[in-house]
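Q: Following this line is coords.pdb, made up of PDB, C-alpha atoms, pLDDT in the B column:
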```
ATOM      1  CA  MET A  20      67.043  91.568 151.377  1.00 70.00           C
ATOM      2  CA  PRO A  21      68.343  91.695 147.797  1.00 86.00           C
ATOM      3  CA  LEU A  22      66.633  93.946 145.301  1.00 95.00           C
ATOM      4  CA  LYS A  23      64.067  92.319 143.071  1.00 98.00           C
ATOM      5  CA  ILE A  24      63.583  93.026 139.379  1.00 98.00           C
ATOM      6  CA  ALA A  25      60.116  92.784 137.841  1.00 98.00           C
ATOM      7  CA  PRO A  26      60.098  92.947 134.031  1.00 98.00           C
ATOM      8  CA  SER A  27      56.881  94.519 132.740  1.00 97.00           C
ATOM      9  CA  ILE A  28      55.404  92.586 129.854  1.00 97.00           C
ATOM     10  CA  LEU A  29      53.679  95.718 128.571  1.00 95.00           C
ATOM     11  CA  SER A  30      56.925  96.384 126.668  1.00 95.00           C
ATOM     12  CA  ALA A  31      57.300  92.809 125.409  1.00 97.00           C
ATOM     13  CA  ARG A  32      56.542  91.778 121.852  1.00 97.00           C
ATOM     14  CA  PHE A  33      53.007  90.429 121.944  1.00 96.00           C
ATOM     15  CA  ASP A  34      53.470  88.482 118.718  1.00 97.00           C
ATOM     16  CA  ARG A  35      55.748  86.202 120.743  1.00 97.00           C
ATOM     17  CA  LEU A  36      54.678  86.922 124.312  1.00 98.00           C
ATOM     18  CA  GLY A  37      55.226  83.397 125.560  1.00 97.00           C
ATOM     19  CA  GLU A  38      58.819  83.424 124.357  1.00 98.00           C
ATOM     20  CA  GLN A  39      59.431  86.817 125.946  1.00 98.00           C
ATOM     21  CA  VAL A  40      58.044  85.607 129.271  1.00 98.00           C
ATOM     22  CA  LYS A  41      60.396  82.620 129.171  1.00 98.00           C
ATOM     23  CA  GLU A  42      63.318  84.890 128.277  1.00 98.00           C
ATOM     24  CA  ALA A  43      62.645  87.075 131.303  1.00 98.00           C
ATOM     25  CA  VAL A  44      62.316  84.080 133.612  1.00 98.00           C
ATOM     26  CA  ASP A  45      65.497  82.485 132.263  1.00 98.00           C
ATOM     27  CA  ALA A  46      67.280  85.823 132.729  1.00 98.00           C
ATOM     28  CA  GLY A  47      66.495  85.749 136.449  1.00 98.00           C
ATOM     29  CA  ALA A  48      63.346  87.850 136.818  1.00 98.00           C
ATOM     30  CA  ASP A  49      62.083  87.736 140.395  1.00 98.00           C
ATOM     31  CA  LEU A  50      58.484  88.374 139.413  1.00 98.00           C
ATOM     32  CA  LEU A  51      56.566  89.386 136.312  1.00 98.00           C
ATOM     33  CA  HIS A  52      54.752  92.724 136.275  1.00 98.00           C
ATOM     34  CA  ILE A  53      51.467  92.761 134.376  1.00 98.00           C
ATOM     35  CA  ASP A  54      49.782  96.099 133.638  1.00 97.00           C
ATOM     36  CA  ILE A  55      46.007  96.011 133.293  1.00 97.00           C
ATOM     37  CA  MET A  56      44.346  99.122 131.794  1.00 96.00           C
ATOM     38  CA  ASP A  57      40.637  99.601 131.178  1.00 94.00           C
ATOM     39  CA  GLY A  58      40.496 102.679 128.955  1.00 92.00           C
ATOM     40  CA  HIS A  59      38.682 104.611 131.705  1.00 92.00           C
ATOM     41  CA  PHE A  60      41.060 105.083 134.615  1.00 93.00           C
ATOM     42  CA  VAL A  61      43.841 105.546 132.077  1.00 92.00           C
ATOM     43  CA  PRO A  62      43.459 106.359 128.349  1.00 89.00           C
ATOM     44  CA  ASN A  63      44.673 103.007 127.122  1.00 90.00           C
ATOM     45  CA  LEU A  64      43.604  99.368 126.873  1.00 92.00           C
ATOM     46  CA  THR A  65      46.035  96.537 127.427  1.00 93.00           C
ATOM     47  CA  MET A  66      45.123  92.992 128.407  1.00 95.00           C
ATOM     48  CA  GLY A  67      42.653  91.026 130.479  1.00 96.00           C
ATOM     49  CA  PRO A  68      42.513  87.835 132.552  1.00 98.00           C
ATOM     50  CA  VAL A  69      42.664  85.646 129.443  1.00 98.00           C
ATOM     51  CA  VAL A  70      46.254  86.780 128.787  1.00 97.00           C
ATOM     52  CA  VAL A  71      47.301  86.152 132.379  1.00 98.00           C
ATOM     53  CA  LYS A  72      45.716  82.698 132.242  1.00 98.00           C
ATOM     54  CA  ALA A  73      47.461  81.922 128.952  1.00 98.00           C
ATOM     55  CA  ILE A  74      50.972  82.670 130.245  1.00 98.00           C
ATOM     56  CA  ARG A  75      50.481  81.268 133.749  1.00 98.00           C
ATOM     57  CA  PRO A  76      51.559  77.707 132.798  1.00 98.00           C
ATOM     58  CA  LEU A  77      54.881  79.019 131.453  1.00 98.00           C
ATOM     59  CA  THR A  78      56.444  79.814 134.835  1.00 98.00           C
ATOM     60  CA  ARG A  79      55.989  79.587 138.580  1.00 97.00           C
ATOM     61  CA  ILE A  80      57.434  83.018 139.389  1.00 98.00           C
ATOM     62  CA  PRO A  81      54.935  85.424 140.975  1.00 98.00           C
ATOM     63  CA  PHE A  82      52.601  87.391 138.738  1.00 98.00           C
ATOM     64  CA  ASP A  83      52.430  90.970 139.995  1.00 98.00           C
ATOM     65  CA  VAL A  84      49.201  92.378 138.540  1.00 98.00           C
ATOM     66  CA  HIS A  85      48.786  96.172 138.524  1.00 98.00           C
ATOM     67  CA  LEU A  86      45.138  97.167 138.125  1.00 98.00           C
ATOM     68  CA  MET A  87      44.954 100.554 136.430  1.00 97.00           C
ATOM     69  CA  VAL A  88      41.173 100.417 136.303  1.00 97.00           C
ATOM     70  CA  SER A  89      38.295 102.552 137.527  1.00 96.00           C
ATOM     71  CA  ARG A  90      36.642  99.879 139.680  1.00 97.00           C
ATOM     72  CA  PRO A  91      39.325  97.383 140.731  1.00 98.00           C
ATOM     73  CA  GLN A  92      36.926  95.555 143.043  1.00 98.00           C
ATOM     74  CA  ASP A  93      35.107  94.264 139.959  1.00 97.00           C
ATOM     75  CA  PHE A  94      38.251  92.575 138.600  1.00 97.00           C
ATOM     76  CA  VAL A  95      39.645  90.808 141.655  1.00 98.00           C
ATOM     77  CA  LYS A  96      38.096  87.380 141.191  1.00 98.00           C
ATOM     78  CA  ALA A  97      38.847  87.196 137.469  1.00 98.00           C
ATOM     79  CA  PHE A  98      42.540  87.918 137.900  1.00 98.00           C
ATOM     80  CA  VAL A  99      42.928  85.704 140.956  1.00 98.00           C
ATOM     81  CA  ASP A 100      41.325  82.859 139.017  1.00 98.00           C
ATOM     82  CA  ALA A 101      43.668  83.585 136.085  1.00 98.00           C
ATOM     83  CA  GLY A 102      46.748  83.149 138.279  1.00 98.00           C
ATOM     84  CA  ALA A 103      47.713  86.471 139.854  1.00 98.00           C
ATOM     85  CA  ASP A 104      49.878  86.267 142.978  1.00 98.00           C
ATOM     86  CA  ASP A 105      49.326  89.865 144.012  1.00 98.00           C
ATOM     87  CA  LEU A 106      46.963  92.640 142.948  1.00 98.00           C
ATOM     88  CA  THR A 107      47.856  96.310 143.349  1.00 98.00           C
ATOM     89  CA  VAL A 108      45.117  98.938 143.255  1.00 98.00           C
ATOM     90  CA  HIS A 109      45.231 102.720 143.035  1.00 98.00           C
ATOM     91  CA  VAL A 110      44.114 104.985 145.847  1.00 98.00           C
ATOM     92  CA  GLU A 111      42.800 107.244 143.078  1.00 97.00           C
ATOM     93  CA  SER A 112      40.379 104.639 141.668  1.00 97.00           C
ATOM     94  CA  ASP A 113      36.638 104.628 142.283  1.00 96.00           C
ATOM     95  CA  HIS A 114      36.460 102.280 145.276  1.00 97.00           C
ATOM     96  CA  ASP A 115      36.876 101.917 149.029  1.00 98.00           C
ATOM     97  CA  PRO A 116      40.523 100.825 149.247  1.00 98.00           C
ATOM     98  CA  HIS A 117      39.999  99.160 152.649  1.00 98.00           C
ATOM     99  CA  ALA A 118      37.208  97.005 151.217  1.00 98.00           C
ATOM    100  CA  THR A 119      39.111  96.164 148.027  1.00 98.00           C
ATOM    101  CA  ILE A 120      42.250  95.250 149.958  1.00 98.00           C
ATOM    102  CA  LYS A 121      40.207  92.900 152.153  1.00 98.00           C
ATOM    103  CA  LEU A 122      38.576  91.407 149.066  1.00 98.00           C
ATOM    104  CA  ILE A 123      41.997  90.681 147.574  1.00 98.00           C
ATOM    105  CA  ARG A 124      43.334  89.214 150.818  1.00 98.00           C
ATOM    106  CA  ASP A 125      40.244  87.048 151.258  1.00 98.00           C
ATOM    107  CA  ALA A 126      40.725  85.775 147.698  1.00 98.00           C
ATOM    108  CA  GLY A 127      44.071  84.340 148.772  1.00 98.00           C
ATOM    109  CA  VAL A 128      46.547  86.687 147.114  1.00 98.00           C
ATOM    110  CA  LYS A 129      48.641  89.620 148.308  1.00 98.00           C
ATOM    111  CA  PRO A 130      47.142  93.120 148.140  1.00 98.00           C
ATOM    112  CA  GLY A 131      49.042  96.290 147.300  1.00 98.00           C
ATOM    113  CA  ILE A 132      48.295  99.999 147.061  1.00 98.00           C
ATOM    114  CA  VAL A 133      49.483 102.344 144.288  1.00 98.00           C
ATOM    115  CA  LEU A 134      50.209 106.072 144.170  1.00 98.00           C
ATOM    116  CA  ASN A 135      50.284 108.154 140.991  1.00 96.00           C
ATOM    117  CA  PRO A 136      53.144 110.672 140.656  1.00 96.00           C
ATOM    118  CA  ALA A 137      51.032 113.615 141.822  1.00 95.00           C
ATOM    119  CA  THR A 138      49.487 111.780 144.781  1.00 97.00           C
ATOM    120  CA  PRO A 139      51.244 112.500 148.088  1.00 98.00           C
ATOM    121  CA  PHE A 140      52.603 109.652 150.154  1.00 98.00           C
ATOM    122  CA  GLU A 141      50.235 110.441 153.019  1.00 98.00           C
ATOM    123  CA  LYS A 142      47.329 109.140 150.925  1.00 98.00           C
ATOM    124  CA  ALA A 143      48.769 105.619 151.234  1.00 98.00           C
ATOM    125  CA  VAL A 144      49.377 105.709 154.982  1.00 98.00           C
ATOM    126  CA  PRO A 145      45.873 104.588 156.086  1.00 98.00           C
ATOM    127  CA  TYR A 146      46.307 101.340 154.128  1.00 98.00           C
ATOM    128  CA  LEU A 147      49.915 100.377 154.800  1.00 98.00           C
ATOM    129  CA  GLY A 148      49.047  98.186 157.744  1.00 97.00           C
ATOM    130  CA  GLU A 149      46.806  96.092 155.488  1.00 98.00           C
ATOM    131  CA  VAL A 150      48.948  95.537 152.380  1.00 98.00           C
ATOM    132  CA  ASP A 151      52.063  93.640 151.331  1.00 98.00           C
ATOM    133  CA  LEU A 152      53.142  96.082 148.651  1.00 98.00           C
ATOM    134  CA  LEU A 153      53.330  99.832 148.068  1.00 98.00           C
ATOM    135  CA  LEU A 154      53.823 100.812 144.425  1.00 98.00           C
ATOM    136  CA  VAL A 155      55.022 104.337 143.675  1.00 98.00           C
ATOM    137  CA  MET A 156      54.606 105.428 140.063  1.00 97.00           C
ATOM    138  CA  THR A 157      57.365 107.554 138.526  1.00 97.00           C
ATOM    139  CA  VAL A 158      55.363 108.170 135.349  1.00 95.00           C
ATOM    140  CA  HIS A 159      51.681 108.883 134.890  1.00 90.00           C
ATOM    141  CA  PRO A 160      50.110 105.467 134.278  1.00 85.00           C
ATOM    142  CA  GLY A 161      48.745 104.598 130.893  1.00 76.00           C
ATOM    143  CA  PHE A 162      51.562 104.081 128.407  1.00 77.00           C
ATOM    144  CA  ALA A 163      54.902 102.283 128.328  1.00 73.00           C
ATOM    145  CA  GLY A 164      58.147 104.023 127.463  1.00 74.00           C
ATOM    146  CA  GLN A 165      57.594 107.310 129.320  1.00 81.00           C
ATOM    147  CA  ALA A 166      60.493 109.275 130.757  1.00 89.00           C
ATOM    148  CA  PHE A 167      61.356 108.826 134.432  1.00 94.00           C
ATOM    149  CA  ARG A 168      60.169 111.629 136.723  1.00 94.00           C
ATOM    150  CA  ALA A 169      62.967 112.461 139.145  1.00 96.00           C
ATOM    151  CA  ASP A 170      60.630 114.729 141.102  1.00 96.00           C
ATOM    152  CA  VAL A 171      59.038 111.585 142.593  1.00 97.00           C
ATOM    153  CA  LEU A 172      62.291 110.478 144.279  1.00 98.00           C
ATOM    154  CA  PRO A 173      61.580 112.431 147.501  1.00 98.00           C
ATOM    155  CA  LYS A 174      58.290 110.537 147.838  1.00 98.00           C
ATOM    156  CA  ILE A 175      60.126 107.218 147.501  1.00 98.00           C
ATOM    157  CA  ARG A 176      62.538 108.292 150.239  1.00 98.00           C
ATOM    158  CA  GLU A 177      59.625 109.380 152.428  1.00 98.00           C
ATOM    159  CA  ALA A 178      57.943 106.016 151.945  1.00 98.00           C
ATOM    160  CA  ARG A 179      61.159 104.162 152.769  1.00 98.00           C
ATOM    161  CA  ARG A 180      61.633 106.113 155.986  1.00 98.00           C
ATOM    162  CA  TYR A 181      58.043 105.556 157.049  1.00 98.00           C
ATOM    163  CA  LEU A 182      58.095 101.806 156.389  1.00 98.00           C
ATOM    164  CA  ASP A 183      61.370 101.430 158.261  1.00 97.00           C
ATOM    165  CA  VAL A 184      60.328 103.528 161.265  1.00 98.00           C
ATOM    166  CA  GLN A 185      56.985 101.742 161.538  1.00 98.00           C
ATOM    167  CA  ARG A 186      58.669  98.362 160.932  1.00 98.00           C
ATOM    168  CA  LEU A 187      56.099  97.407 158.354  1.00 98.00           C
ATOM    169  CA  ARG A 188      56.702  94.327 156.239  1.00 96.00           C
ATOM    170  CA  VAL A 189      55.666  96.063 153.040  1.00 98.00           C
ATOM    171  CA  ASP A 190      57.700  95.866 149.837  1.00 98.00           C
ATOM    172  CA  LEU A 191      58.359  99.247 148.228  1.00 98.00           C
ATOM    173  CA  GLN A 192      58.016  98.940 144.461  1.00 98.00           C
ATOM    174  CA  VAL A 193      58.765 101.627 141.875  1.00 98.00           C
ATOM    175  CA  ASP A 194      57.486 101.625 138.308  1.00 97.00           C
ATOM    176  CA  GLY A 195      57.946 104.060 135.427  1.00 94.00           C
ATOM    177  CA  GLY A 196      60.945 104.889 133.285  1.00 94.00           C
ATOM    178  CA  VAL A 197      63.211 102.547 135.250  1.00 96.00           C
ATOM    179  CA  LYS A 198      66.171 101.760 133.022  1.00 96.00           C
ATOM    180  CA  LEU A 199      69.915 101.352 133.377  1.00 97.00           C
ATOM    181  CA  ASP A 200      70.504 105.072 133.933  1.00 96.00           C
ATOM    182  CA  THR A 201      67.617 105.626 136.386  1.00 97.00           C
ATOM    183  CA  ALA A 202      67.609 102.337 138.331  1.00 97.00           C
ATOM    184  CA  PRO A 203      70.452 103.466 140.645  1.00 97.00           C
ATOM    185  CA  PHE A 204      68.469 106.537 141.742  1.00 97.00           C
ATOM    186  CA  VAL A 205      65.434 104.403 142.520  1.00 97.00           C
ATOM    187  CA  ALA A 206      67.471 101.835 144.428  1.00 97.00           C
ATOM    188  CA  GLN A 207      69.318 104.479 146.391  1.00 96.00           C
ATOM    189  CA  ALA A 208      65.992 106.082 147.336  1.00 97.00           C
ATOM    190  CA  GLY A 209      65.004 102.812 148.984  1.00 97.00           C
ATOM    191  CA  ALA A 210      63.015 100.676 146.557  1.00 98.00           C
ATOM    192  CA  ASP A 211      62.807  96.920 147.156  1.00 97.00           C
ATOM    193  CA  ILE A 212      61.361  96.036 143.746  1.00 98.00           C
ATOM    194  CA  LEU A 213      62.164  97.749 140.445  1.00 98.00           C
ATOM    195  CA  VAL A 214      59.682  97.402 137.600  1.00 98.00           C
ATOM    196  CA  SER A 215      61.238  97.848 134.180  1.00 97.00           C
ATOM    197  CA  GLY A 216      59.496  97.488 130.842  1.00 96.00           C
ATOM    198  CA  SER A 217      61.356  99.077 127.939  1.00 94.00           C
ATOM    199  CA  GLY A 218      64.553  98.882 129.984  1.00 96.00           C
ATOM    200  CA  ILE A 219      64.416  95.089 129.617  1.00 98.00           C
ATOM    201  CA  PHE A 220      62.151  94.195 126.660  1.00 97.00           C
ATOM    202  CA  PRO A 221      62.042  93.321 123.837  1.00 97.00           C
ATOM    203  CA  ASP A 222      65.651  92.593 122.844  1.00 97.00           C
ATOM    204  CA  HIS A 223      68.736  91.487 124.809  1.00 98.00           C
ATOM    205  CA  VAL A 224      66.517  90.644 127.778  1.00 98.00           C
ATOM    206  CA  ARG A 225      69.131  88.719 129.748  1.00 98.00           C
ATOM    207  CA  GLU A 226      71.810  91.377 129.371  1.00 98.00           C
ATOM    208  CA  ASN A 227      69.445  94.246 130.107  1.00 98.00           C
ATOM    209  CA  LEU A 228      68.135  92.616 133.259  1.00 98.00           C
ATOM    210  CA  ARG A 229      71.625  91.756 134.480  1.00 98.00           C
ATOM    211  CA  ARG A 230      72.922  95.286 133.981  1.00 98.00           C
ATOM    212  CA  ILE A 231      69.947  96.906 135.686  1.00 98.00           C
ATOM    213  CA  ARG A 232      70.234  94.540 138.638  1.00 97.00           C
ATOM    214  CA  GLU A 233      73.951  95.165 139.050  1.00 96.00           C
ATOM    215  CA  ALA A 234      73.573  98.948 138.825  1.00 96.00           C
ATOM    216  CA  ALA A 235      70.674  98.963 141.281  1.00 97.00           C
ATOM    217  CA  GLN A 236      72.359  96.661 143.784  1.00 95.00           C
ATOM    218  CA  SER A 237      75.492  98.788 143.760  1.00 94.00           C
ATOM    219  CA  ALA A 238      73.464 101.934 144.469  1.00 93.00           C
ATOM    220  CA  ALA A 239      71.456 100.191 147.194  1.00 91.00           C
ATOM    221  CA  ALA A 240      74.678  99.065 148.860  1.00 88.00           C
ATOM    222  CA  ASP A 241      75.920 102.658 148.893  1.00 79.00           C
ATOM    223  CA  ARG A 242      72.677 103.749 150.593  1.00 72.00           C
ATOM    224  CA  ARG A 243      73.083 101.207 153.341  1.00 65.00           C
TER     225      ARG A 243
END
```
How would this structure read if it were set down as structure tokens?
A:
Amino acid sequence: MPLKIAPSILSARFDRLGEQVKEAVDAGADLLHIDIMDGHFVPNLTMGPVVVKAIRPLTRIPFDVHLMVSRPQDFVKAFVDAGADDLTVHVESDHDPHATIKLIRDAGVKPGIVLNPATPFEKAVPYLGEVDLLLVMTVHPGFAGQAFRADVLPKIREARRYLDVQRLRVDLQVDGGVKLDTAPFVAQAGADILVSGSGIFPDHVRENLRRIREAAQSAAADRR
């Protein structure tokens, strides 16, 4: 399967968010990554369901909603109603991941599980048979524009091996500091979906996305 690129609107210009969403879609984005932060789980506030609902009519590409919140189970219905196509939740949050994953699935969208940089891969294993997506963070969640942490690459490789050996139909997504110079490392480690915020937005969106895709696909081909 070809690599997918998910521009993160956290790095877009919010004074013209609709235009930036359309730019990303026109540039060939495979899905749109939407970071939700509550000021508790991470020390930042971003956006809520009203923003997702506002941009939903602009495109039909999937909305990949990353819940960086303390109690993700409390937000499922609101974001599903707003137009999310998948919801990813952290193993580190204050919830029963099995129950939250089922809640998401029962709501009619795809569930995913997320690991912070310091969280070992083994913490995700109990949930991988229940989700469609595993998101590995290569920065500590909370703020856009952080530097890529190369020390997380072994965890990405470990996840790739596990998913392949177990023949699980789970997309491996990587988010954090993914730009033109780091995308090849992520792709070569085995990622299926690359999330990029400041590597794509706010200017030269089409060119940035094209270059990241080409660099990542070349590295992925070398791995295979």
Q: May I have the residues within 12 Å of Phe140 (chain A) as a PDB file with C-alpha atoms, in the frame of the given file, using only C-alpha atoms and disregarding those fewer than 3 positions away in the same chain?
A:
```
ATOM      1  CA  VAL A 110      44.114 104.985 145.847  1.00 98.00           C
ATOM      2  CA  ILE A 132      48.295  99.999 147.061  1.00 98.00           C
ATOM      3  CA  VAL A 133      49.483 102.344 144.288  1.00 98.00           C
ATOM      4  CA  LEU A 134      50.209 106.072 144.170  1.00 98.00           C
ATOM      5  CA  ASN A 135      50.284 108.154 140.991  1.00 96.00           C
ATOM      6  CA  PRO A 136      53.144 110.672 140.656  1.00 96.00           C
ATOM      7  CA  ALA A 137      51.032 113.615 141.822  1.00 95.00           C
ATOM      8  CA  ALA A 143      48.769 105.619 151.234  1.00 98.00           C
ATOM      9  CA  VAL A 144      49.377 105.709 154.982  1.00 98.00           C
ATOM     10  CA  PRO A 145      45.873 104.588 156.086  1.00 98.00           C
ATOM     11  CA  TYR A 146      46.307 101.340 154.128  1.00 98.00           C
ATOM     12  CA  LEU A 147      49.915 100.377 154.800  1.00 98.00           C
ATOM     13  CA  LEU A 153      53.330  99.832 148.068  1.00 98.00           C
ATOM     14  CA  LEU A 154      53.823 100.812 144.425  1.00 98.00           C
ATOM     15  CA  VAL A 155      55.022 104.337 143.675  1.00 98.00           C
ATOM     16  CA  MET A 156      54.606 105.428 140.063  1.00 97.00           C
ATOM     17  CA  VAL A 171      59.038 111.585 142.593  1.00 97.00           C
ATOM     18  CA  LEU A 172      62.291 110.478 144.279  1.00 98.00           C
ATOM     19  CA  PRO A 173      61.580 112.431 147.501  1.00 98.00           C
ATOM     20  CA  LYS A 174      58.290 110.537 147.838  1.00 98.00           C
ATOM     21  CA  ILE A 175      60.126 107.218 147.501  1.00 98.00           C
ATOM     22  CA  ARG A 176      62.538 108.292 150.239  1.00 98.00           C
ATOM     23  CA  GLU A 177      59.625 109.380 152.428  1.00 98.00           C
ATOM     24  CA  ALA A 178      57.943 106.016 151.945  1.00 98.00           C
ATOM     25  CA  ARG A 179      61.159 104.162 152.769  1.00 98.00           C
ATOM     26  CA  ARG A 180      61.633 106.113 155.986  1.00 98.00           C
ATOM     27  CA  TYR A 181      58.043 105.556 157.049  1.00 98.00           C
ATOM     28  CA  LEU A 182      58.095 101.806 156.389  1.00 98.00           C
TER      29      LEU A 182
END
```
Q: So which residues touch Val40 (chain A) within 8 Å, counting only C-alpha atoms, skipping near sequence neighbours fewer than 3 positions away, as a PyMOL selection string?
A: chain A and resi 28+36-37+43-44+74+77
Q: Take the residues just selected and output them with C-alpha atoms as a tab-separated table (two decimals), keeping the file's coordinate frame.
A:
```tsv
chain	number	residue	atom	x	y	z
A	28	ILE	CA	55.40	92.59	129.85
A	36	LEU	CA	54.68	86.92	124.31
A	37	GLY	CA	55.23	83.40	125.56
A	43	ALA	CA	62.64	87.08	131.30
A	44	VAL	CA	62.32	84.08	133.61
A	74	ILE	CA	50.97	82.67	130.24
A	77	LEU	CA	54.88	79.02	131.45
```
Q: Taking all listed atoms of region 119-133 of chain A, build the axis-aligned box, pad each of the six sides by 6 Å, then write its centre and edge lengths in Å to one decimal as lines of an AutoDock Vina configuration file.
A:
```
center_x = 44.0
center_y = 93.3
center_z = 148.2
size_x = 22.9
size_y = 30.0
size_z = 19.9
```
Q: Just how far from CA of Thr78 (chain A) is CA of His109 (chain A), in Å to one decimal?
A: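 Answer for the CA of His109 (chain A) to CA of Thr78 (chain A) separation: 26.8 Å.
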Q: Using all atoms listed in the file, find each residue in region 44-128 of chain A having at least one atom no more than 8 Å away from region 157-164 of chain A; report its shortest atom-to-atom pair and that distance in Å (one decimal), rows by chain then rising number, as JSON lines.
A:
```
{"residue": "A:Met56", "atom": "CA", "partner": "A:Gly161", "partner_atom": "CA", "distance": 7.1}
{"residue": "A:Val61", "atom": "CA", "partner": "A:Gly161", "partner_atom": "CA", "distance": 5.1}
{"residue": "A:Pro62", "atom": "CA", "partner": "A:Gly161", "partner_atom": "CA", "distance": 6.1}
{"residue": "A:Asn63", "atom": "CA", "partner": "A:Gly161", "partner_atom": "CA", "distance": 5.8}
{"residue": "A:Met87", "atom": "CA", "partner": "A:Pro160", "partner_atom": "CA", "distance": 7.4}
```
Q: Decode the PyMOL selection byres ((chain A and resi 54) around 7) for the given file into explicit residues and return them as a PyMOL selection string.
A: chain A and resi 29+52-53+55-56+84-86
Q: Looking at only C-alpha atoms, which of A:Asp183, A:Asp125, A:Glu226, A:Asp200 is the one that sits closest to Lys96 (chain A)?
A: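 Checking each of A:Asp183, A:Asp125, A:Glu226, A:Asp200 against Lys96 (chain A), counting only C-alpha atoms, the winner is A:Asp125.
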